[in-house]
Each structure stands twice: as structure tokens, then as C-alpha cells.
$ cat start-v3.cif   # mmCIF, N, CA and C atoms and all ligand atoms
data_target
#
loop_
_atom_site.label_atom_id
_atom_site.label_comp_id
_atom_site.auth_asym_id
_atom_site.auth_seq_id
_atom_site.Cartn_x
_atom_site.Cartn_y
_atom_site.Cartn_z
N MET U 1 -145.37 123.20 -214.83
CA MET U 1 -146.12 124.46 -214.86
C MET U 1 -146.80 124.61 -216.21
N ILE U 2 -148.09 124.86 -216.20
CA ILE U 2 -148.82 125.05 -217.46
C ILE U 2 -149.24 126.51 -217.57
N ILE U 3 -148.80 127.14 -218.62
CA ILE U 3 -149.11 128.56 -218.79
C ILE U 3 -150.21 128.75 -219.82
N GLY U 4 -150.42 127.75 -220.62
CA GLY U 4 -151.43 127.88 -221.66
C GLY U 4 -150.79 128.22 -222.98
N GLN U 5 -151.36 127.68 -224.02
CA GLN U 5 -150.81 127.90 -225.34
C GLN U 5 -151.17 129.28 -225.87
N ILE U 6 -150.21 129.85 -226.57
CA ILE U 6 -150.47 131.13 -227.22
C ILE U 6 -150.91 130.85 -228.65
N LYS U 7 -152.00 131.49 -229.07
CA LYS U 7 -152.45 131.30 -230.45
C LYS U 7 -151.70 132.27 -231.36
N ASN U 8 -151.77 133.52 -231.02
CA ASN U 8 -151.02 134.53 -231.76
C ASN U 8 -150.25 135.38 -230.76
N GLY U 9 -148.97 135.43 -230.94
CA GLY U 9 -148.21 136.23 -230.00
C GLY U 9 -146.73 136.00 -230.13
N ILE U 10 -146.04 136.30 -229.06
CA ILE U 10 -144.58 136.26 -229.08
C ILE U 10 -144.07 135.55 -227.83
N VAL U 11 -143.11 134.68 -228.03
CA VAL U 11 -142.43 134.06 -226.89
C VAL U 11 -140.98 134.52 -226.92
N ILE U 12 -140.57 135.23 -225.90
CA ILE U 12 -139.18 135.66 -225.80
C ILE U 12 -138.48 134.64 -224.91
N ASP U 13 -137.61 133.87 -225.54
CA ASP U 13 -137.00 132.71 -224.86
C ASP U 13 -135.50 132.93 -224.66
N HIS U 14 -134.93 132.08 -223.84
CA HIS U 14 -133.48 132.11 -223.57
C HIS U 14 -133.00 133.44 -222.99
N ILE U 15 -133.84 134.05 -222.19
CA ILE U 15 -133.42 135.26 -221.47
C ILE U 15 -132.53 134.80 -220.32
N SER U 16 -131.39 135.46 -220.13
CA SER U 16 -130.54 135.12 -218.99
C SER U 16 -131.36 135.21 -217.71
N ALA U 17 -131.24 134.19 -216.86
CA ALA U 17 -132.01 134.17 -215.61
C ALA U 17 -131.78 135.45 -214.83
N GLY U 18 -132.86 136.09 -214.43
CA GLY U 18 -132.76 137.32 -213.65
C GLY U 18 -133.00 138.57 -214.48
N LYS U 19 -132.93 138.45 -215.81
CA LYS U 19 -133.13 139.64 -216.64
C LYS U 19 -134.57 139.79 -217.14
N GLY U 20 -135.38 138.78 -216.89
CA GLY U 20 -136.75 138.78 -217.41
C GLY U 20 -137.56 139.99 -216.96
N MET U 21 -137.47 140.29 -215.68
CA MET U 21 -138.25 141.40 -215.13
C MET U 21 -137.78 142.73 -215.69
N TYR U 22 -136.46 142.84 -215.86
CA TYR U 22 -135.91 144.07 -216.44
C TYR U 22 -136.44 144.28 -217.86
N ILE U 23 -136.43 143.20 -218.64
CA ILE U 23 -136.92 143.29 -220.02
C ILE U 23 -138.42 143.58 -220.03
N TYR U 24 -139.14 142.96 -219.13
CA TYR U 24 -140.57 143.22 -218.98
C TYR U 24 -140.82 144.72 -218.78
N ASN U 25 -140.01 145.32 -217.93
CA ASN U 25 -140.18 146.75 -217.66
C ASN U 25 -139.73 147.61 -218.83
N VAL U 26 -138.58 147.27 -219.44
CA VAL U 26 -138.06 148.06 -220.56
C VAL U 26 -139.07 148.06 -221.72
N LEU U 27 -139.68 146.92 -221.97
CA LEU U 27 -140.63 146.82 -223.08
C LEU U 27 -142.00 147.39 -222.72
N GLY U 28 -142.19 147.75 -221.45
CA GLY U 28 -143.47 148.33 -221.02
C GLY U 28 -144.62 147.34 -221.11
N LEU U 29 -144.33 146.07 -220.83
CA LEU U 29 -145.35 145.03 -220.99
C LEU U 29 -146.50 145.17 -219.98
N ASP U 30 -146.25 145.89 -218.90
CA ASP U 30 -147.32 146.10 -217.92
C ASP U 30 -148.45 146.94 -218.50
N LYS U 31 -148.16 147.64 -219.61
CA LYS U 31 -149.19 148.50 -220.21
C LYS U 31 -150.09 147.74 -221.19
N LEU U 32 -149.74 146.50 -221.50
CA LEU U 32 -150.53 145.73 -222.45
C LEU U 32 -151.80 145.19 -221.80
N ASP U 33 -152.85 145.06 -222.61
CA ASP U 33 -154.10 144.49 -222.10
C ASP U 33 -154.16 142.98 -222.28
N CYS U 34 -153.29 142.45 -223.14
CA CYS U 34 -153.34 141.02 -223.42
C CYS U 34 -152.64 140.22 -222.32
N THR U 35 -152.71 138.90 -222.45
CA THR U 35 -152.05 138.02 -221.49
C THR U 35 -150.54 138.16 -221.61
N VAL U 36 -149.88 138.36 -220.51
CA VAL U 36 -148.41 138.37 -220.50
C VAL U 36 -147.97 137.48 -219.35
N ALA U 37 -147.09 136.53 -219.66
CA ALA U 37 -146.58 135.65 -218.61
C ALA U 37 -145.07 135.79 -218.52
N MET U 38 -144.61 135.96 -217.29
CA MET U 38 -143.17 136.03 -217.04
C MET U 38 -142.81 134.75 -216.29
N ILE U 39 -141.93 133.98 -216.86
CA ILE U 39 -141.50 132.75 -216.19
C ILE U 39 -140.06 132.91 -215.76
N LYS U 40 -139.85 132.80 -214.48
CA LYS U 40 -138.50 132.97 -213.94
C LYS U 40 -137.86 131.62 -213.67
N ASN U 41 -136.56 131.56 -213.92
CA ASN U 41 -135.76 130.40 -213.55
C ASN U 41 -136.30 129.07 -214.09
N ALA U 42 -136.70 129.09 -215.35
CA ALA U 42 -137.10 127.84 -215.99
C ALA U 42 -135.85 127.01 -216.24
N ASP U 43 -136.01 125.68 -216.20
CA ASP U 43 -134.86 124.83 -216.48
C ASP U 43 -134.49 124.91 -217.94
N SER U 44 -133.21 125.01 -218.21
CA SER U 44 -132.74 125.05 -219.59
C SER U 44 -131.53 124.14 -219.70
N THR U 45 -131.56 123.23 -220.69
CA THR U 45 -130.41 122.33 -220.86
C THR U 45 -129.19 123.13 -221.29
N LYS U 46 -129.45 124.20 -222.06
CA LYS U 46 -128.35 124.99 -222.60
C LYS U 46 -127.77 125.96 -221.56
N MET U 47 -128.67 126.53 -220.76
CA MET U 47 -128.25 127.65 -219.92
C MET U 47 -128.33 127.37 -218.42
N GLY U 48 -128.83 126.19 -218.04
CA GLY U 48 -129.06 125.95 -216.62
C GLY U 48 -130.41 126.50 -216.21
N LYS U 49 -130.43 127.85 -216.03
CA LYS U 49 -131.69 128.52 -215.73
C LYS U 49 -131.90 129.62 -216.75
N LYS U 50 -133.15 129.88 -217.06
CA LYS U 50 -133.45 130.98 -217.98
C LYS U 50 -134.79 131.59 -217.62
N ASP U 51 -135.04 132.78 -218.12
CA ASP U 51 -136.34 133.41 -217.98
C ASP U 51 -137.04 133.39 -219.35
N ILE U 52 -138.34 133.36 -219.32
CA ILE U 52 -139.13 133.35 -220.56
C ILE U 52 -140.26 134.36 -220.40
N ILE U 53 -140.57 135.09 -221.46
CA ILE U 53 -141.74 135.97 -221.44
C ILE U 53 -142.66 135.56 -222.58
N LYS U 54 -143.93 135.38 -222.25
CA LYS U 54 -144.93 135.05 -223.28
C LYS U 54 -145.92 136.19 -223.38
N ILE U 55 -146.13 136.65 -224.59
CA ILE U 55 -147.04 137.77 -224.83
C ILE U 55 -148.15 137.29 -225.76
N GLY U 56 -149.38 137.44 -225.33
CA GLY U 56 -150.50 136.92 -226.10
C GLY U 56 -150.98 137.84 -227.20
N GLU U 57 -150.06 138.51 -227.83
CA GLU U 57 -150.42 139.46 -228.88
C GLU U 57 -149.14 139.77 -229.65
N VAL U 58 -149.27 140.06 -230.94
CA VAL U 58 -148.07 140.43 -231.69
C VAL U 58 -147.85 141.93 -231.53
N ILE U 59 -146.74 142.27 -230.91
CA ILE U 59 -146.43 143.68 -230.72
C ILE U 59 -145.10 143.98 -231.41
N ASP U 60 -144.86 145.25 -231.64
CA ASP U 60 -143.59 145.65 -232.22
C ASP U 60 -142.51 145.55 -231.17
N LEU U 61 -141.45 144.84 -231.50
CA LEU U 61 -140.34 144.72 -230.56
C LEU U 61 -139.12 145.40 -231.15
N ASP U 62 -138.37 146.04 -230.31
CA ASP U 62 -137.11 146.65 -230.73
C ASP U 62 -136.02 145.60 -230.58
N PHE U 63 -135.71 144.91 -231.68
CA PHE U 63 -134.74 143.82 -231.62
C PHE U 63 -133.35 144.32 -231.24
N ASP U 64 -133.01 145.53 -231.68
CA ASP U 64 -131.71 146.09 -231.32
C ASP U 64 -131.61 146.28 -229.81
N LEU U 65 -132.68 146.80 -229.24
CA LEU U 65 -132.70 147.03 -227.80
C LEU U 65 -132.60 145.70 -227.05
N LEU U 66 -133.39 144.72 -227.49
CA LEU U 66 -133.36 143.41 -226.83
C LEU U 66 -131.99 142.75 -226.98
N GLY U 67 -131.44 142.81 -228.17
CA GLY U 67 -130.13 142.20 -228.41
C GLY U 67 -129.05 142.88 -227.61
N PHE U 68 -129.23 144.18 -227.41
CA PHE U 68 -128.28 144.94 -226.62
C PHE U 68 -128.33 144.53 -225.15
N ILE U 69 -129.54 144.36 -224.64
CA ILE U 69 -129.71 143.98 -223.23
C ILE U 69 -129.23 142.55 -223.00
N ASP U 70 -129.58 141.65 -223.93
CA ASP U 70 -129.29 140.24 -223.72
C ASP U 70 -129.18 139.54 -225.08
N PRO U 71 -127.96 139.47 -225.62
CA PRO U 71 -127.80 138.98 -227.00
C PRO U 71 -128.11 137.49 -227.20
N GLY U 72 -128.32 136.74 -226.12
CA GLY U 72 -128.61 135.31 -226.29
C GLY U 72 -130.08 135.00 -226.50
N ILE U 73 -130.91 136.04 -226.50
CA ILE U 73 -132.36 135.85 -226.55
C ILE U 73 -132.81 135.27 -227.90
N THR U 74 -133.85 134.44 -227.84
CA THR U 74 -134.53 133.97 -229.05
C THR U 74 -135.95 134.52 -229.01
N VAL U 75 -136.40 135.08 -230.12
CA VAL U 75 -137.77 135.58 -230.19
C VAL U 75 -138.56 134.69 -231.13
N ASN U 76 -139.61 134.09 -230.61
CA ASN U 76 -140.46 133.21 -231.41
C ASN U 76 -141.79 133.90 -231.68
N MET U 77 -142.14 134.01 -232.95
CA MET U 77 -143.42 134.57 -233.34
C MET U 77 -144.41 133.42 -233.55
N ILE U 78 -145.51 133.47 -232.83
CA ILE U 78 -146.51 132.41 -232.91
C ILE U 78 -147.72 132.91 -233.70
N GLU U 79 -148.08 132.16 -234.72
CA GLU U 79 -149.27 132.48 -235.50
C GLU U 79 -150.15 131.25 -235.59
N ASN U 80 -151.42 131.40 -235.24
CA ASN U 80 -152.35 130.28 -235.24
C ASN U 80 -151.81 129.07 -234.49
N GLY U 81 -151.17 129.34 -233.37
CA GLY U 81 -150.66 128.27 -232.53
C GLY U 81 -149.40 127.60 -233.03
N ARG U 82 -148.85 128.08 -234.14
CA ARG U 82 -147.61 127.49 -234.67
C ARG U 82 -146.48 128.50 -234.68
N LEU U 83 -145.29 127.97 -234.64
CA LEU U 83 -144.11 128.83 -234.73
C LEU U 83 -143.98 129.36 -236.16
N ALA U 84 -144.16 130.66 -236.33
CA ALA U 84 -144.10 131.24 -237.67
C ALA U 84 -142.71 131.74 -238.00
N LYS U 85 -142.00 132.20 -236.99
CA LYS U 85 -140.70 132.80 -237.25
C LYS U 85 -139.87 132.76 -235.98
N ARG U 86 -138.59 132.52 -236.12
CA ARG U 86 -137.72 132.54 -234.95
C ARG U 86 -136.53 133.44 -235.24
N GLU U 87 -136.32 134.38 -234.35
CA GLU U 87 -135.19 135.31 -234.52
C GLU U 87 -134.20 135.08 -233.40
N ARG U 88 -132.96 134.84 -233.76
CA ARG U 88 -131.90 134.79 -232.75
C ARG U 88 -131.24 136.14 -232.70
N LEU U 89 -131.21 136.73 -231.55
CA LEU U 89 -130.69 138.09 -231.46
C LEU U 89 -129.18 138.10 -231.31
N THR U 90 -128.59 139.18 -231.74
CA THR U 90 -127.16 139.38 -231.58
C THR U 90 -126.96 140.81 -231.09
N LEU U 91 -125.76 141.12 -230.70
CA LEU U 91 -125.46 142.49 -230.30
C LEU U 91 -125.61 143.40 -231.52
N PRO U 92 -126.36 144.46 -231.42
CA PRO U 92 -126.50 145.37 -232.56
C PRO U 92 -125.20 146.13 -232.83
N GLU U 93 -124.96 146.45 -234.10
CA GLU U 93 -123.77 147.20 -234.48
C GLU U 93 -123.81 148.62 -233.93
N ARG U 94 -125.01 149.16 -233.88
CA ARG U 94 -125.17 150.52 -233.40
C ARG U 94 -126.35 150.59 -232.45
N VAL U 95 -126.24 151.40 -231.42
CA VAL U 95 -127.40 151.64 -230.57
C VAL U 95 -127.56 153.14 -230.39
N SER U 96 -128.77 153.59 -230.45
CA SER U 96 -128.99 155.01 -230.20
C SER U 96 -130.13 155.19 -229.21
N GLY U 97 -129.92 156.14 -228.31
CA GLY U 97 -130.94 156.46 -227.33
C GLY U 97 -131.08 155.45 -226.21
N ILE U 98 -130.13 154.53 -226.07
CA ILE U 98 -130.24 153.52 -225.01
C ILE U 98 -129.25 153.83 -223.88
N ILE U 99 -127.99 154.08 -224.25
CA ILE U 99 -127.02 154.43 -223.22
C ILE U 99 -126.56 155.87 -223.44
N ARG U 100 -126.06 156.45 -222.39
CA ARG U 100 -125.58 157.82 -222.46
C ARG U 100 -124.06 157.84 -222.32
N CYS U 101 -123.43 158.79 -223.01
CA CYS U 101 -121.99 158.93 -222.91
C CYS U 101 -121.66 159.58 -221.57
N LYS U 102 -120.70 158.99 -220.87
CA LYS U 102 -120.38 159.49 -219.53
C LYS U 102 -119.17 160.43 -219.54
N ASN U 103 -118.64 160.70 -220.71
CA ASN U 103 -117.51 161.61 -220.80
C ASN U 103 -118.01 163.06 -220.66
N PRO U 104 -117.60 163.75 -219.59
CA PRO U 104 -118.13 165.12 -219.37
C PRO U 104 -117.71 166.10 -220.47
N ARG U 105 -116.64 165.78 -221.20
CA ARG U 105 -116.20 166.68 -222.27
C ARG U 105 -116.80 166.31 -223.63
N CYS U 106 -117.62 165.29 -223.67
CA CYS U 106 -118.23 164.88 -224.94
C CYS U 106 -119.23 165.94 -225.40
N ILE U 107 -119.34 166.08 -226.71
CA ILE U 107 -120.26 167.09 -227.26
C ILE U 107 -121.71 166.82 -226.84
N THR U 108 -122.04 165.54 -226.59
CA THR U 108 -123.42 165.23 -226.18
C THR U 108 -123.71 165.72 -224.76
N SER U 109 -122.65 165.94 -223.97
CA SER U 109 -122.87 166.51 -222.63
C SER U 109 -123.14 168.00 -222.74
N VAL U 110 -122.52 168.63 -223.74
CA VAL U 110 -122.70 170.06 -223.94
C VAL U 110 -124.00 170.35 -224.68
N GLU U 111 -124.29 169.49 -225.64
CA GLU U 111 -125.50 169.68 -226.43
C GLU U 111 -126.43 168.48 -226.24
N PRO U 112 -127.23 168.54 -225.18
CA PRO U 112 -128.04 167.37 -224.82
C PRO U 112 -129.08 166.98 -225.87
N GLU U 113 -129.36 167.89 -226.82
CA GLU U 113 -130.36 167.52 -227.83
C GLU U 113 -129.78 166.60 -228.91
N LEU U 114 -128.46 166.46 -228.91
CA LEU U 114 -127.81 165.53 -229.85
C LEU U 114 -128.20 164.10 -229.48
N LYS U 115 -128.41 163.28 -230.51
CA LYS U 115 -128.79 161.90 -230.26
C LYS U 115 -127.58 161.11 -229.75
N GLN U 116 -127.77 160.40 -228.65
CA GLN U 116 -126.72 159.54 -228.11
C GLN U 116 -126.57 158.35 -229.03
N GLU U 117 -125.39 158.16 -229.56
CA GLU U 117 -125.20 157.04 -230.47
C GLU U 117 -123.88 156.33 -230.20
N PHE U 118 -123.96 155.02 -230.16
CA PHE U 118 -122.79 154.21 -229.88
C PHE U 118 -122.64 153.14 -230.94
N ARG U 119 -121.39 152.79 -231.25
CA ARG U 119 -121.17 151.66 -232.16
C ARG U 119 -120.39 150.57 -231.43
N LEU U 120 -120.66 149.33 -231.85
CA LEU U 120 -120.02 148.18 -231.23
C LEU U 120 -118.54 148.18 -231.58
N SER U 121 -117.68 148.09 -230.58
CA SER U 121 -116.26 148.06 -230.89
C SER U 121 -115.61 146.72 -230.48
N ASP U 122 -116.18 146.03 -229.52
CA ASP U 122 -115.66 144.72 -229.14
C ASP U 122 -116.83 143.84 -228.70
N SER U 123 -117.22 142.91 -229.58
CA SER U 123 -118.43 142.14 -229.28
C SER U 123 -118.17 141.12 -228.17
N GLU U 124 -116.94 140.66 -228.02
CA GLU U 124 -116.65 139.70 -226.97
C GLU U 124 -116.77 140.33 -225.58
N LYS U 125 -116.17 141.51 -225.45
CA LYS U 125 -116.24 142.20 -224.16
C LYS U 125 -117.47 143.10 -224.06
N ARG U 126 -118.26 143.13 -225.11
CA ARG U 126 -119.47 143.95 -225.16
C ARG U 126 -119.16 145.42 -224.88
N ILE U 127 -118.19 145.93 -225.61
CA ILE U 127 -117.82 147.34 -225.45
C ILE U 127 -118.38 148.15 -226.62
N TYR U 128 -119.05 149.21 -226.28
CA TYR U 128 -119.55 150.16 -227.27
C TYR U 128 -118.80 151.46 -227.12
N ARG U 129 -118.62 152.17 -228.24
CA ARG U 129 -117.95 153.47 -228.18
C ARG U 129 -118.86 154.57 -228.72
N CYS U 130 -118.81 155.70 -228.03
CA CYS U 130 -119.56 156.88 -228.44
C CYS U 130 -119.07 157.29 -229.83
N ILE U 131 -119.99 157.57 -230.76
CA ILE U 131 -119.55 157.91 -232.11
C ILE U 131 -118.94 159.32 -232.16
N TYR U 132 -119.16 160.12 -231.12
CA TYR U 132 -118.62 161.49 -231.14
C TYR U 132 -117.23 161.56 -230.52
N CYS U 133 -117.04 160.88 -229.38
CA CYS U 133 -115.78 161.06 -228.66
C CYS U 133 -115.02 159.75 -228.42
N GLU U 134 -115.58 158.61 -228.90
CA GLU U 134 -114.91 157.31 -228.75
C GLU U 134 -114.87 156.82 -227.31
N HIS U 135 -115.53 157.51 -226.40
CA HIS U 135 -115.58 157.06 -225.01
C HIS U 135 -116.26 155.69 -224.96
N ALA U 136 -115.65 154.77 -224.20
CA ALA U 136 -116.16 153.40 -224.16
C ALA U 136 -117.24 153.22 -223.10
N ALA U 137 -118.23 152.44 -223.44
CA ALA U 137 -119.25 152.05 -222.48
C ALA U 137 -119.31 150.54 -222.50
N GLN U 138 -119.04 149.93 -221.37
CA GLN U 138 -119.08 148.48 -221.30
C GLN U 138 -120.39 148.04 -220.68
N ILE U 139 -121.01 147.08 -221.33
CA ILE U 139 -122.34 146.67 -220.89
C ILE U 139 -122.22 145.38 -220.12
N GLU U 140 -122.21 145.47 -218.82
CA GLU U 140 -122.12 144.27 -218.03
C GLU U 140 -123.38 144.06 -217.19
N ASN U 141 -123.66 145.07 -216.43
CA ASN U 141 -124.76 144.91 -215.48
C ASN U 141 -125.90 145.85 -215.81
N ILE U 142 -126.41 145.70 -216.99
CA ILE U 142 -127.52 146.58 -217.34
C ILE U 142 -128.79 146.03 -216.69
ZN ZN Z 1 -119.16 160.82 -226.12
#
$ encode --input "start-v3.cif" --output "C-alpha cells"
Amino acid sequence: MIIGQIKNGIVIDHISAGKGMYIYNVLGLDKLDCTVAMIKNADSTKMGKKDIIKIGEVIDLDFDLLGFIDPGITVNMIENGRLAKRERLTLPERVSGIIRCKNPRCITSVEPELKQEFRLSDSEKRIYRCIYCEHAAQIENI
């Protein structure tokens, strides 16, 4: 499959197979005017199958959000047809405004204008805890 070389842009690689479309939607890539390619189920020696997103423009990416959704992602910045920078994402220590606390007695349920904020408490099990009430949120099937 030939997608065409990107001169300036971003290649989001090593996306877990099946999450590409979700990330496409979360990042609002449908609103971009530039070339965007979503490749599903590409062969990967490391992962078996993976998804890849190519964006023909340098846009601001929320690395915390991406790392939260899929910590195995690699983000490649392409400048003048060359790899300028490669970022390997990890689970962010803190996330805000991405998940909501499900504890009905949490202060954020009573005061919805409070910012939802979670901190990483177990990176292996991908468990985050609400900073207000310690309620756990496990990220499995986002
Ligand atoms: Zn809470």
C-alpha cells in the first residue's frame, strides 16, 4: 500500500490495532483540511497488527491525552521529508478533563464546575485515582 510521503507533518505510529479510529475522532482530525490517512491493521513485527495515522500538517497534539488512550504510541514529526523528532508516549502522571469520577459522593459530583483530575496510581494495571476522593478509574476499554 502506498500512501505517499509526508513532507511536513506527523505520523502517529504503533497505535494498538482497532484504536486508530477512536484516536482520529478524539483528535478531531476530520476537521482538518490537510491530508489525513488512517491505516488499519498494518503488519507490525513488534505488535502483530497496528494502526497508523498520517497527518500532512504539523498540528498541536495533546501527548498526555494520547499517552493516556494508548501508551505504546510513537509520534514522529516529519520536517522536509525527514524524521525531525520521535516521541515515545507513556502514561501521563496526571490527567485532567479526560475521565470523570464515578463516585456519587465525590465533591466533583456535587460541584460540577470543579476540574476533574486524576493521578496515576498503578501504571501496570493502568489505574488512576481521583485527586479529591481517591476513587479509582481503571482504563481498559476506552
Ligand atoms: Zn472523586
$ residues_near_ligand --input "start-v3.cif" --ligand "ligand ZN 1 (chain Z)" --cutoff "5 Å" --atoms "only N, CA and C atoms and all ligand atoms" --output "ChimeraX atom specification"
/U:101,106,130,132-133,135
$ atom_distance --input "start-v3.cif" --atom1 "CA of Arg88 in chain U" --atom2 "CA of Phe118 in chain U"
21.6 Å
$ select_by_dssp --input "start-v3.cif" --residues "chain U" --states "helix (DSSP H, G or I)" --output "JSON, numbers by chain"
{"U": [20, 21, 22, 23, 24, 25, 26, 29, 30, 31, 63, 64, 65, 66, 67, 68, 69, 107, 108, 109, 110]}
$ atom_distance --input "start-v3.cif" --atom1 "CA of Thr35 in chain U" --atom2 "CA of Met47 in chain U"
26.0 Å
$ closest_residue --input "start-v3.cif" --among "U:Ile127, U:Ala17, U:Ala84, U:Leu27" --to "Leu61 in chain U" --atoms "only N, CA and C atoms"
U:Leu27
$ atom_distance --input "start-v3.cif" --atom1 "CA of Ile39 in chain U" --atom2 "CA of Lys54 in chain U"
8.2 Å
$ residues_around --input "start-v3.cif" --residues "Val95 in chain U" --least-positions-apart "4" --cutoff "6.5 Å" --atoms "only N, CA and C atoms" --output "PyMOL selection string"
chain U and resi 99+116-120
$ axis_aligned_box --input "start-v3.cif" --around "range 14-18 of chain U" --padding-each-side "8 Å" --output "lines of an AutoDock Vina configuration file"
center_x = -132.7
center_y = 135.3
center_z = -218.7
size_x = 20.4
size_y = 22.5
size_z = 26.2
$ closest_residue --input "start-v3.cif" --among "U:Ile59, U:Ile10, U:Leu32, U:Leu91" --to "Pro71 in chain U" --atoms "all atoms listed in the file"
U:Leu91
$ closest_residue --input "start-v3.cif" --among "U:Gly97, U:Pro104, U:Pro92, U:Gly9" --to "Ser121 in chain U" --atoms "only C-alpha atoms"
U:Pro92
$ residues_around --input "start-v3.cif" --residues "Ile52 in chain U" --least-positions-apart "3" --cutoff "7 Å" --atoms "only C-alpha atoms" --output "list in words"
Ile12, Asp13, His14, Ile15, Gly20, Met38, Ile39 and Lys40 of chain U
$ closest_residue --input "start-v3.cif" --among "U:Met77, U:Thr45, U:Ile98, U:Ile131" --to "Leu65 in chain U" --atoms "all atoms listed in the file"
U:Ile98
$ closest_residue --input "start-v3.cif" --among "U:Pro112, U:Phe63, U:Ser44, U:Arg105" --to "Thr90 in chain U" --atoms "only N, CA and C atoms"
U:Phe63
$ closest_residue --input "start-v3.cif" --among "U:Ala136, U:Ser123, U:Asn103, U:Ile55" --to "Asn76 in chain U" --atoms "only C-alpha atoms"
U:Ile55
$ select_by_dssp --input "start-v3.cif" --residues "range 10-133 of chain U" --states "strand (DSSP E or B)" --output "number ranges by chain"
U: 10-16, 36-44, 48-55, 74-79, 82-88, 94-96, 117-122, 127-130
$ build_atoms --input "start-v3.cif" --residues "range 103-116 of chain U" --atoms "N, CA, C and O atoms" --output "CSV table (one decimal), in the frame of the given file"
chain,number,residue,atom,x,y,z
U,103,ASN,N,-118.6,160.7,-220.7
U,103,ASN,CA,-117.5,161.6,-220.8
U,103,ASN,C,-118.0,163.1,-220.7
U,103,ASN,O,-118.8,163.5,-221.5
U,104,PRO,N,-117.6,163.8,-219.6
U,104,PRO,CA,-118.1,165.1,-219.4
U,104,PRO,C,-117.7,166.1,-220.5
U,104,PRO,O,-118.4,167.1,-220.6
U,105,ARG,N,-116.6,165.8,-221.2
U,105,ARG,CA,-116.2,166.7,-222.3
U,105,ARG,C,-116.8,166.3,-223.6
U,105,ARG,O,-116.5,167.0,-224.6
U,106,CYS,N,-117.6,165.3,-223.7
U,106,CYS,CA,-118.2,164.9,-224.9
U,106,CYS,C,-119.2,165.9,-225.4
U,106,CYS,O,-119.9,166.6,-224.6
U,107,ILE,N,-119.3,166.1,-226.7
U,107,ILE,CA,-120.3,167.1,-227.3
U,107,ILE,C,-121.7,166.8,-226.8
U,107,ILE,O,-122.5,167.7,-226.7
U,108,THR,N,-122.0,165.5,-226.6
U,108,THR,CA,-123.4,165.2,-226.2
U,108,THR,C,-123.7,165.7,-224.8
U,108,THR,O,-124.9,165.9,-224.4
U,109,SER,N,-122.6,165.9,-224.0
U,109,SER,CA,-122.9,166.5,-222.6
U,109,SER,C,-123.1,168.0,-222.7
U,109,SER,O,-123.9,168.6,-221.9
U,110,VAL,N,-122.5,168.6,-223.7
U,110,VAL,CA,-122.7,170.1,-223.9
U,110,VAL,C,-124.0,170.4,-224.7
U,110,VAL,O,-124.7,171.3,-224.4
U,111,GLU,N,-124.3,169.5,-225.6
U,111,GLU,CA,-125.5,169.7,-226.4
U,111,GLU,C,-126.4,168.5,-226.2
U,111,GLU,O,-126.4,167.5,-227.0
U,112,PRO,N,-127.2,168.5,-225.2
U,112,PRO,CA,-128.0,167.4,-224.8
U,112,PRO,C,-129.1,167.0,-225.9
U,112,PRO,O,-129.6,165.9,-225.8
U,113,GLU,N,-129.4,167.9,-226.8
U,113,GLU,CA,-130.4,167.5,-227.8
U,113,GLU,C,-129.8,166.6,-228.9
U,113,GLU,O,-130.5,166.0,-229.7
U,114,LEU,N,-128.5,166.5,-228.9
U,114,LEU,CA,-127.8,165.5,-229.8
U,114,LEU,C,-128.2,164.1,-229.5
U,114,LEU,O,-128.3,163.8,-228.3
U,115,LYS,N,-128.4,163.3,-230.5
U,115,LYS,CA,-128.8,161.9,-230.3
U,115,LYS,C,-127.6,161.1,-229.8
U,115,LYS,O,-126.5,161.2,-230.3
U,116,GLN,N,-127.8,160.4,-228.6
U,116,GLN,CA,-126.7,159.5,-228.1
U,116,GLN,C,-126.6,158.4,-229.0
U,116,GLN,O,-127.5,157.6,-229.3
